[in-house]
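Undergrad: Shown below is the structure under consideration.
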Amino acid sequence: MHLDVWIRWYMVVFFTAFGVWFVTRGELCAQAGAWIGGRCDGTPWADRLAAVVRRREQLENLRTRTTAYIFGGCSLLLAVLAALTPLAVTILYALLCAVLALTVATGYERLRRVGGPRVASLRARNPNAVVPWYVYALTAVTAVSPLTFLAVAPVAAVLVTVAGLLMASVARGVAASPALIPGVDVAVEQYVDDRLRAVRTVNLLGTATAPALLFATFTRFTDSALHLTVEGICLATFLVCLTLQTAWIRRRPGALEIEGWLQSGA
Amino acid sequence: MRDAFVAVDPGLDAPPYVQIFEQIRALIQGGELAAGTALPTVRQLAGDLNVAPNTVARAYADLQTAGWIASDGRRGTRVTPRPPTADKRVRKKALRDAVGGFVNALVHRGYSEAEIADEVRRVIPA
């Protein structure tokens with residue numbers, strides 16, 4: 001079978017799997033409880049933490065999965081288009097990236113606009129304390145790497161680049177977003193806010209690098225040396241983000257960690 | 001040192017910028033915000049409190065005029081090394097402003113100046 005046909009069916013499977021995942025259970029912007037789990041169960045902090053996470057989830061109101069349905073539905077539609085029409089798969093993939101970026105940006109913009117009275121810490125926050133500046137720089141370089149494919153897939157390359165840059169800028173926005181501290185249990189609320197900010201930022205950075213990485217794997221290119229370099233950069237950045245992501249997600253709040261944090265008043 | 005917090009209560013008569021001003025002043029006076037402590041940017045504090053940036057900017061400007069904080073260009077806004085507690089002139093002006101604001105708020109609520117003065121004399125006997 002010709003390589004182009006393989007790539008087309010590979011993308012049909014990819015679009016379908018992605019679509020099914022997001023329509024059934026995937027989330028583009030997970031609730032607070034998904035990142036702050038129950039490692040404190042049985043400790044004095046468990047109830048306080050659970051109450052704070054519950055209040056946070058009520059305020060953020062992310063229970064509706066509209067964005068996941070929109071994104072999953074688009075992915076399934078693209079699977080049908082890839083299977084039944086001669087449209088270039090690079091264009092279809094770029095459209096998926098654009099929809100992903102737009103739904104992610106819309107979801108996080110909604111989070112930024114959560115209202116209600118709250119208290120504010122007088123500690124100056126530095127967005128670079130969440131994720132070092134060079135990770136953003138690496139992500140931006142990865143996001144623009146599809147431009148090296150301008151000669152073979154100009155429209156798709158531009159769309160994937162714009163999508164990656166948009167998601168990287170949303171990640172930066174989340175790192176610098178306002179704190180959400182309703183003022184009922186200020187210390188624990190601030191702890192939860194700090195953790196959510198970090199986890200969501202690294203998640204978004206990982207998501208921002210994925211479109212360029214995948215684009216490089218299936219777009220055929222004439223200059224194999226440049227192609228390999230681009231893929232190498234994308235893969236390295238993706239792995240950096242994945243490592244940060246894993247480190248943050250695995251570091252669920254243990255009782256000792258919260259206790260230490262509360263006592264130091266950090 | 002534990003973080004210091006401020007809040008804005010929309011139910012109070014005092015406008016939000018005065019509430020922010022008074023809370024930060026009290027935190028500095030009480031030693032909870034030490035000299036040299038960096039304060040958040042106007043944008044950060046306004047976002048965290050869910051108020052307009054102009055509200056925080058006005059509170060910061062008033063704090064700066066009164067000598068409690070100083071803006072240092074790129075280094076941001078910090079608590080001044082020598083807050084104006086010891087300066088008699090500044091103390092007197094701060095007191096006059098606070099009492100003036102308090103009396104104005106009561107007048108707006110329908111009390112006469114004589115009623116206010118009587119009540120103050122009752123609370124603080126000569």
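By convention here, the chains of the structure tokens are called A, B, ... in the order presented, each chain's residues are numbered starting at 1, and ligands are numbered starting at 1 in the order presented.
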Give me, as a PDB file with N, CA and C atoms, in the first residue's frame, the residues of chain A touching chain B, with the criterion being at most 10 Å (counting only C-alpha atoms).

TA:
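After the write, result.pdb holds the following:
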```
ATOM      1  N   ARG A 112     -10.867  32.533  34.143  1.00  0.00           N
ATOM      2  CA  ARG A 112     -10.308  33.829  34.553  1.00  0.00           C
ATOM      3  C   ARG A 112     -11.383  34.802  34.993  1.00  0.00           C
ATOM      4  N   ARG A 113     -12.605  34.578  34.500  1.00  0.00           N
ATOM      5  CA  ARG A 113     -13.675  35.530  34.774  1.00  0.00           C
ATOM      6  C   ARG A 113     -14.564  35.118  35.938  1.00  0.00           C
ATOM      7  N   VAL A 114     -14.146  34.112  36.705  1.00  0.00           N
ATOM      8  CA  VAL A 114     -14.942  33.702  37.868  1.00  0.00           C
ATOM      9  C   VAL A 114     -15.046  34.888  38.823  1.00  0.00           C
ATOM     10  N   GLY A 115     -16.277  35.236  39.178  1.00  0.00           N
ATOM     11  CA  GLY A 115     -16.472  36.439  39.994  1.00  0.00           C
ATOM     12  C   GLY A 115     -16.599  36.138  41.475  1.00  0.00           C
ATOM     13  N   GLY A 116     -17.242  37.038  42.174  1.00  0.00           N
ATOM     14  CA  GLY A 116     -17.481  36.843  43.603  1.00  0.00           C
ATOM     15  C   GLY A 116     -16.438  37.499  44.468  1.00  0.00           C
ATOM     16  N   PRO A 117     -16.838  37.847  45.717  1.00  0.00           N
ATOM     17  CA  PRO A 117     -15.886  38.491  46.620  1.00  0.00           C
ATOM     18  C   PRO A 117     -14.799  37.516  47.050  1.00  0.00           C
ATOM     19  N   ARG A 118     -13.631  38.030  47.288  1.00  0.00           N
ATOM     20  CA  ARG A 118     -12.519  37.185  47.705  1.00  0.00           C
ATOM     21  C   ARG A 118     -11.468  38.007  48.434  1.00  0.00           C
ATOM     22  N   VAL A 119     -10.526  37.313  49.013  1.00  0.00           N
ATOM     23  CA  VAL A 119      -9.424  38.013  49.667  1.00  0.00           C
ATOM     24  C   VAL A 119      -8.186  37.858  48.782  1.00  0.00           C
ATOM     25  N   ALA A 120      -7.225  38.731  48.996  1.00  0.00           N
ATOM     26  CA  ALA A 120      -6.021  38.699  48.166  1.00  0.00           C
ATOM     27  C   ALA A 120      -4.789  38.736  49.041  1.00  0.00           C
ATOM     28  N   SER A 121      -3.828  37.909  48.682  1.00  0.00           N
ATOM     29  CA  SER A 121      -2.558  37.919  49.393  1.00  0.00           C
ATOM     30  C   SER A 121      -1.753  39.133  48.947  1.00  0.00           C
ATOM     31  N   LEU A 122      -0.972  39.690  49.892  1.00  0.00           N
ATOM     32  CA  LEU A 122      -0.108  40.823  49.528  1.00  0.00           C
ATOM     33  C   LEU A 122       1.294  40.342  49.155  1.00  0.00           C
ATOM     34  N   ARG A 123       1.406  39.050  48.830  1.00  0.00           N
ATOM     35  CA  ARG A 123       2.682  38.512  48.359  1.00  0.00           C
ATOM     36  C   ARG A 123       2.752  38.720  46.839  1.00  0.00           C
ATOM     37  N   ALA A 124       3.841  39.339  46.375  1.00  0.00           N
ATOM     38  CA  ALA A 124       3.991  39.537  44.933  1.00  0.00           C
ATOM     39  C   ALA A 124       4.226  38.179  44.278  1.00  0.00           C
ATOM     40  N   ARG A 125       3.444  37.859  43.264  1.00  0.00           N
ATOM     41  CA  ARG A 125       3.577  36.573  42.578  1.00  0.00           C
ATOM     42  C   ARG A 125       4.398  36.745  41.316  1.00  0.00           C
ATOM     43  N   ASN A 126       5.219  35.748  41.032  1.00  0.00           N
ATOM     44  CA  ASN A 126       6.020  35.784  39.816  1.00  0.00           C
ATOM     45  C   ASN A 126       5.631  34.585  38.944  1.00  0.00           C
ATOM     46  N   ALA A 176      -0.127  33.393  35.322  1.00  0.00           N
ATOM     47  CA  ALA A 176      -0.241  34.762  35.860  1.00  0.00           C
ATOM     48  C   ALA A 176      -1.686  35.114  36.222  1.00  0.00           C
ATOM     49  N   SER A 177      -2.566  34.127  36.241  1.00  0.00           N
ATOM     50  CA  SER A 177      -3.997  34.434  36.449  1.00  0.00           C
ATOM     51  C   SER A 177      -4.270  34.833  37.902  1.00  0.00           C
ATOM     52  N   PRO A 178      -5.375  35.548  38.127  1.00  0.00           N
ATOM     53  CA  PRO A 178      -5.697  35.964  39.494  1.00  0.00           C
ATOM     54  C   PRO A 178      -5.917  34.764  40.421  1.00  0.00           C
ATOM     55  N   ALA A 179      -5.561  34.947  41.682  1.00  0.00           N
ATOM     56  CA  ALA A 179      -5.797  33.887  42.670  1.00  0.00           C
ATOM     57  C   ALA A 179      -7.289  33.850  42.986  1.00  0.00           C
ATOM     58  N   LEU A 180      -7.772  32.667  43.342  1.00  0.00           N
ATOM     59  CA  LEU A 180      -9.188  32.518  43.669  1.00  0.00           C
ATOM     60  C   LEU A 180      -9.283  32.030  45.117  1.00  0.00           C
ATOM     61  N   ILE A 181      -9.317  33.006  46.036  1.00  0.00           N
ATOM     62  CA  ILE A 181      -9.324  32.692  47.469  1.00  0.00           C
ATOM     63  C   ILE A 181     -10.578  33.301  48.083  1.00  0.00           C
ATOM     64  N   PRO A 182     -11.636  32.503  48.247  1.00  0.00           N
ATOM     65  CA  PRO A 182     -12.894  33.079  48.747  1.00  0.00           C
ATOM     66  C   PRO A 182     -12.791  33.610  50.177  1.00  0.00           C
ATOM     67  N   GLY A 183     -11.819  33.142  50.950  1.00  0.00           N
ATOM     68  CA  GLY A 183     -11.610  33.701  52.288  1.00  0.00           C
ATOM     69  C   GLY A 183     -12.274  32.921  53.407  1.00  0.00           C
ATOM     70  N   VAL A 186      -8.463  30.492  54.438  1.00  0.00           N
ATOM     71  CA  VAL A 186      -7.506  31.186  53.559  1.00  0.00           C
ATOM     72  C   VAL A 186      -6.238  30.368  53.287  1.00  0.00           C
ATOM     73  N   ALA A 187      -5.643  29.780  54.335  1.00  0.00           N
ATOM     74  CA  ALA A 187      -4.361  29.091  54.152  1.00  0.00           C
ATOM     75  C   ALA A 187      -4.501  27.921  53.178  1.00  0.00           C
ATOM     76  N   GLN A 190      -5.241  29.059  49.622  1.00  0.00           N
ATOM     77  CA  GLN A 190      -4.069  29.559  48.906  1.00  0.00           C
ATOM     78  C   GLN A 190      -3.192  28.395  48.428  1.00  0.00           C
ATOM     79  N   LEU A 262       1.558  25.128  55.889  1.00  0.00           N
ATOM     80  CA  LEU A 262       0.751  25.983  56.758  1.00  0.00           C
ATOM     81  C   LEU A 262       1.600  26.592  57.885  1.00  0.00           C
ATOM     82  N   GLN A 263       2.525  25.752  58.393  1.00  0.00           N
ATOM     83  CA  GLN A 263       3.347  26.268  59.490  1.00  0.00           C
ATOM     84  C   GLN A 263       4.345  27.302  59.026  1.00  0.00           C
ATOM     85  N   SER A 264       4.894  27.083  57.821  1.00  0.00           N
ATOM     86  CA  SER A 264       5.876  28.060  57.338  1.00  0.00           C
ATOM     87  C   SER A 264       5.183  29.330  56.862  1.00  0.00           C
ATOM     88  N   GLY A 265       3.876  29.173  56.524  1.00  0.00           N
ATOM     89  CA  GLY A 265       3.134  30.326  56.021  1.00  0.00           C
ATOM     90  C   GLY A 265       3.657  30.776  54.684  1.00  0.00           C
ATOM     91  N   ALA A 266       4.210  29.817  53.927  1.00  0.00           N
ATOM     92  CA  ALA A 266       4.805  30.158  52.641  1.00  0.00           C
ATOM     93  C   ALA A 266       3.774  30.710  51.692  1.00  0.00           C
TER      94      ALA A 266
END
```

Undergrad: Which residues are close to stretch 5-10 of chain A, i.e. within 8 Å by only C-alpha atoms, leaving aside same-chain residues fewer than 6 positions away? Reply as a PyMOL selection string.

TA: chain A and resi 82-83+89+218

Undergrad: For A:Trp133, please output as a compact mmCIF listing (two decimals) with C-alpha atoms, in the first residue's frame all residues within 12 Å (counting only C-alpha atoms; exclusion window: fewer than 4 positions along the same chain).

TA:
```
# COMPACT_ATOMS: atom_id res chain seq x y z
CA ASN A 126 6.02 35.78 39.82
CA PRO A 127 4.66 33.71 36.91
CA ASN A 128 8.19 32.40 36.30
CA ALA A 129 8.14 30.80 39.75
CA ALA A 137 10.75 29.69 25.39
CA LEU A 138 11.29 26.02 24.47
CA THR A 139 7.55 25.58 24.01
CA ALA A 140 7.39 28.65 21.77
CA ALA A 168 1.45 28.45 25.03
CA ALA A 171 -0.46 28.57 29.67
CA ARG A 172 1.39 31.79 30.46
CA ALA A 175 0.48 31.05 35.43
CA LEU A 205 2.47 23.62 28.02
```

Undergrad: Hey, what's within 12 Å of A:Glu27 if we count only C-alpha atoms and toss same-chain stuff fewer than 3 positions away? As a ChimeraX atom specification, please?

TA: /A:18-24,30-31,34,62-72,100,103-104,107,203

Undergrad: Could you save the residues just selected, with C-alpha atoms, as a PDB file, in the first residue's frame?

TA:
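The resulting file, selection-v8.pdb, is reproduced below:
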```pdb
ATOM      1  CA  PHE A  18      -9.419  11.201  19.960  1.00  0.00           C
ATOM      2  CA  GLY A  19     -13.067  11.941  19.229  1.00  0.00           C
ATOM      3  CA  VAL A  20     -14.386   8.921  21.115  1.00  0.00           C
ATOM      4  CA  TRP A  21     -12.149   9.697  24.101  1.00  0.00           C
ATOM      5  CA  PHE A  22     -13.326  13.296  24.387  1.00  0.00           C
ATOM      6  CA  VAL A  23     -17.003  12.557  23.754  1.00  0.00           C
ATOM      7  CA  THR A  24     -17.058   9.798  26.392  1.00  0.00           C
ATOM      8  CA  ALA A  30     -10.234  19.281  34.543  1.00  0.00           C
ATOM      9  CA  GLN A  31     -11.889  20.171  37.834  1.00  0.00           C
ATOM     10  CA  ALA A  34      -8.802  15.822  39.602  1.00  0.00           C
ATOM     11  CA  LEU A  62     -16.411  23.166  35.174  1.00  0.00           C
ATOM     12  CA  ARG A  63     -18.905  20.334  35.465  1.00  0.00           C
ATOM     13  CA  THR A  64     -20.374  21.011  32.036  1.00  0.00           C
ATOM     14  CA  ARG A  65     -18.406  19.122  29.401  1.00  0.00           C
ATOM     15  CA  THR A  66     -19.539  21.271  26.482  1.00  0.00           C
ATOM     16  CA  THR A  67     -16.019  22.069  25.277  1.00  0.00           C
ATOM     17  CA  ALA A  68     -15.016  18.375  25.388  1.00  0.00           C
ATOM     18  CA  TYR A  69     -18.134  17.462  23.369  1.00  0.00           C
ATOM     19  CA  ILE A  70     -17.396  20.177  20.793  1.00  0.00           C
ATOM     20  CA  PHE A  71     -13.789  19.085  20.449  1.00  0.00           C
ATOM     21  CA  GLY A  72     -14.629  15.350  20.368  1.00  0.00           C
ATOM     22  CA  LEU A 100      -8.302  22.406  20.263  1.00  0.00           C
ATOM     23  CA  THR A 103     -11.736  25.407  22.976  1.00  0.00           C
ATOM     24  CA  VAL A 104      -8.841  25.430  25.456  1.00  0.00           C
ATOM     25  CA  GLY A 107     -12.354  27.268  28.713  1.00  0.00           C
ATOM     26  CA  ASN A 203      -0.532  20.596  31.443  1.00  0.00           C
TER      27      ASN A 203
END
```

Undergrad: What does the structure give for the distance between atom CA of A:Val240 and atom CA of A:Val135, in Å to one decimal?

TA: 8.0 Å

Undergrad: What lies within 12 Å of stretch 105-112 of chain B using only C-alpha atoms, ignoring chain neighbours under 6 positions off, as a PyMOL selection string?

TA: chain B and resi 12-15+98-99+118-120

Undergrad: Check chain B with DSSP on the backbone and list each residue it calls alpha helix (DSSP H), as a PyMOL selection string.

TA: chain B and resi 16-29+42-49+53-65+88-108+113-123

Undergrad: What's the 12 Å shell around stretch 61-65 of chain B, counting only C-alpha atoms, without same-chain residues fewer than 5 positions away, as a list of chain:residue names?

TA: B:Tyr17, B:Val18, B:Gln19, B:Ile20, B:Phe21, B:Glu22, B:Gln23, B:Ile24, B:Arg25, B:Ala26, B:Ile28, B:Leu39, B:Val42, B:Asn54, B:Thr55, B:Val56, B:Ala70, B:Ser71, B:Asp72, B:Thr77, B:Arg78, B:Val79, B:Thr80, B:Pro83, B:Pro84, B:Val90, B:Lys93, B:Ala94, B:Asp97

Undergrad: Would you mind telling me which residue in B:Arg58, B:Lys92, B:Arg121, B:Arg82 lies nearest to B:Ala35 when using only C-alpha atoms?

TA: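 Smallest separation from B:Ala35 among the options: B:Arg82.
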
Undergrad: Excluding same-chain residues fewer than 4 positions from A:Ala98, what lies within 9 Å of it counting only C-alpha atoms, as a ChimeraX atom specification?

TA: /A:93-94,102-103,159-160,162-164

Undergrad: Please produce a file of the residues just selected, as a compact mmCIF listing (two decimals), in the first residue's frame, where the atoms kept are N, CA and C atoms.

TA:
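Saved as result-v9.txt:
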```txt
# COMPACT_ATOMS: atom_id res chain seq x y z
N TYR A 93 -5.78 17.81 10.08
CA TYR A 93 -5.10 17.81 11.38
C TYR A 93 -4.94 19.25 11.90
N ALA A 94 -4.59 20.15 11.00
CA ALA A 94 -4.42 21.56 11.40
C ALA A 94 -5.73 22.13 11.92
N LEU A 102 -8.72 26.77 20.30
CA LEU A 102 -9.84 27.69 20.57
C LEU A 102 -10.67 27.22 21.77
N THR A 103 -10.92 25.91 21.84
CA THR A 103 -11.74 25.41 22.98
C THR A 103 -10.96 25.55 24.29
N LEU A 159 -1.44 27.08 10.46
CA LEU A 159 -2.53 26.82 11.43
C LEU A 159 -2.00 26.11 12.69
N VAL A 160 -1.17 25.09 12.48
CA VAL A 160 -0.63 24.34 13.63
C VAL A 160 0.25 25.26 14.48
N VAL A 162 0.01 28.58 14.78
CA VAL A 162 -0.85 29.54 15.51
C VAL A 162 -1.51 28.83 16.70
N ALA A 163 -1.97 27.60 16.46
CA ALA A 163 -2.63 26.85 17.55
C ALA A 163 -1.67 26.62 18.71
N GLY A 164 -0.44 26.20 18.40
CA GLY A 164 0.56 25.94 19.44
C GLY A 164 0.90 27.20 20.22
```
